[in-house]
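First comes the structure, then the notes that go with it.
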Amino acid sequence: MTITLCASGVCGVQSNTRYPHHHTITTTAELASVAAFDHVAAIYAGDKRGNATFIESDCVVMDIDNDHTNIPSEWITPARLADLMDGVAFMTATSRNHNKPKGQLSARPRFHVYFPISPVQDAGVYAGLKQTLAARFDFFDANATDAGRFTYGNPHAQVEIFNGDTTLDVWLDEADDLDMFAAFDAATQVIGEGSRNATLSRFAGRVLVRFGITDSARDAFDRKAALCEPPLSEWELKRIWASACRFAAKVQSRPDYLPPEAYEQLTSLKPDDFTDLGQATVLAGEYADRMCFSAATNWMAYENGVWEENEAKAQRLVQELTSRRFHHLPWLPPIQSPWNEYAQCS
């Protein structure tokens with residue numbers, strides 16, 4: 001794990017804007033040395049921090065002050081963050097107000113999180129990563145998401161490293177993709193007694209072919225399972241998931257197996273079949289966050305942050321998809337999915 005930080009040489013000086021000391025950080029000792037001074041996680045023109053002078057960053061820094069709740073059992077620690085963002089690599093350093101009262105708030109864990117990312121040269125894209133993360137978890141400081149932000153130094157910082165196999169930007173992309181998948185699978189529908197096992201077995205097959213045997217796939221399965229009424233036992237959920245994983249392992253050994261990356265590239269906007277259901281599945285996959293239907297409201301469209309009951313706008317989205325497909329790459333031969341076999345035998 002490697003990140004680049006630039007230090008100022010001073011500590012606690014808010015008016016300072018120059019950060020001329022560039023450091024490559026790979027160890028806790030190196031991070032502690034730089035974290036002792038006010039520092040930034042980007043390179044700026046003339047070493048002067050600011051949105052307009054942003055050049056590049058390979059690290060997103062976020063603040064956790066635990067001011068989102070006054071319940072100690074709900075406070076976030078570095079170890080708990082590692083559990084919540086399993087697989088994501090990051091470093092932490094306690095802030096100058098760690099375990100101290102701050103304003104009217106009691107003493108609690110307060111620390112900075114340093115996430116390695118693929119190098120970014122656009123200030124807007126960089127700030128967008130921070131804003132997206134802050135929107136996903138309410139314990140990150142949403143007011144510290146601009147591209148010119150600096151971090152106060154702490155000469156007594158306690159530093160930790162949590163190794164992972166993915167970077168923050170990749171994890172956010174996968175999380176957004178997963179949310180979309182769950183949305184178009186009618187995740188708001190309660191799964192009643194009598195259909196729970198079959199529904200979850202089919203869903204497990206679909207999510208495994210989409211994401212592989214990964215933590216992301218299991219997370220989607222658990223979210224789907226939470227819709228069962230009454231709930232299935234933990235033993236039964238483990239049995240269903242284990243069965244789907246065994247089948248997935250067999251599928252992956254086949255010479256015609258398509259890994260998730262290739263599956264995504266080849267399927268694109270092409271339906272598995274050209275029935276109404278096949279076409280509707282593509283529409284839902286592309287526009288689940290912009291249109292929906294219910295018996296109570298009829299067709300609704302999402303625009304400017306508001307859901308509106310408007311059939312004409314929903315129809316325009318359908319026409320937009322049709323236009324996109326006409327301009328898409330030439331259709332490839334239909335992809336035969338072995339998961340149909342799994343769904344039939346589950």
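Residue numbers start at 1 in each chain; chains themselves are named A, B, ... in the order of the structure tokens; ligands are numbered from 1 in the order shown.
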
Query raised in the report: Skipping near chain neighbours, those fewer than 5 positions away, what residues fall within 10 Å of A:Glu56 using only C-alpha atoms, listed as a PyMOL selection string?
Result: chain A and resi 4+41-45+119-123+126+147

Query raised in the report: Contacts of stretch 84-86 of chain A at 8 Å or less, counting only C-alpha atoms, minus same-chain residues fewer than 3 places along, as a ChimeraX atom specification?
Result: /A:80-81,164

Put those residues in a file: N, CA and C atoms, as a PDB file, in the first residue's frame.
ATOM      1  N   ARG A  80     -13.472  -1.394  13.293  1.00  0.00           N
ATOM      2  CA  ARG A  80     -14.859  -1.549  12.848  1.00  0.00           C
ATOM      3  C   ARG A  80     -15.017  -1.065  11.405  1.00  0.00           C
ATOM      4  N   LEU A  81     -14.306  -0.006  11.041  1.00  0.00           N
ATOM      5  CA  LEU A  81     -14.349   0.465   9.657  1.00  0.00           C
ATOM      6  C   LEU A  81     -13.817  -0.613   8.715  1.00  0.00           C
ATOM      7  N   GLY A 164      -5.630  -4.416   2.205  1.00  0.00           N
ATOM      8  CA  GLY A 164      -6.780  -4.936   1.479  1.00  0.00           C
ATOM      9  C   GLY A 164      -6.401  -5.207   0.045  1.00  0.00           C
TER      10      GLY A 164
END

**Report entry** Members of stretch 41-220 of chain A assigned helix (DSSP H, G or I) by DSSP, as a PyMOL selection string
**Finding:** chain A and resi 45-47+72-74+78-84+123-136+168-184+196-211+215-220

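Counting only C-alpha atoms and comparing A:Thr77, A:Asn304, A:Asn310, A:Gln279, the residue that lies closest to A:Thr322 is A:Gln279.
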
Requested in this report: Tell me which protein, DNA and RNA residues are within 10 Å of A:Arg110, counting only C-alpha atoms, leaving out same-chain ones fewer than 4 positions away, and put them as number ranges by chain.
Outcome: A: 63-67, 75-78, 93-100

Query raised in the report: In Å, with one decimal, what is the gap from atom CA of A:Ala142 to atom CA of A:Ala226?
Result: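 Here the two named atoms are 29.2 Å from each other.
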
**Report entry** Exercise: stretch 19-28 of chain A partners within 10 Å, only C-alpha atoms, chain neighbours under 4 positions left out, as JSON, numbers by chain
**Finding:** {"A": [1, 2, 3, 4, 5, 6, 7, 8, 9, 10, 32, 33, 34, 38, 39, 40, 41, 42, 43, 44, 46, 47, 48, 49, 91, 92, 93, 150, 158, 159, 160, 161]}

Query raised in the report: Nearest to A:Tyr114 among A:Cys59, A:Ile71, A:Ala127, A:Met300, with distances taken over only C-alpha atoms: which residue is it?
Result: A:Cys59

Requested in this report: Record the distance separating atom CA of A:Asp219 and atom CA of A:Glu74, expressed in Å with one decimal.
Outcome: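 That distance, rounded to one decimal, is 20.8 Å.
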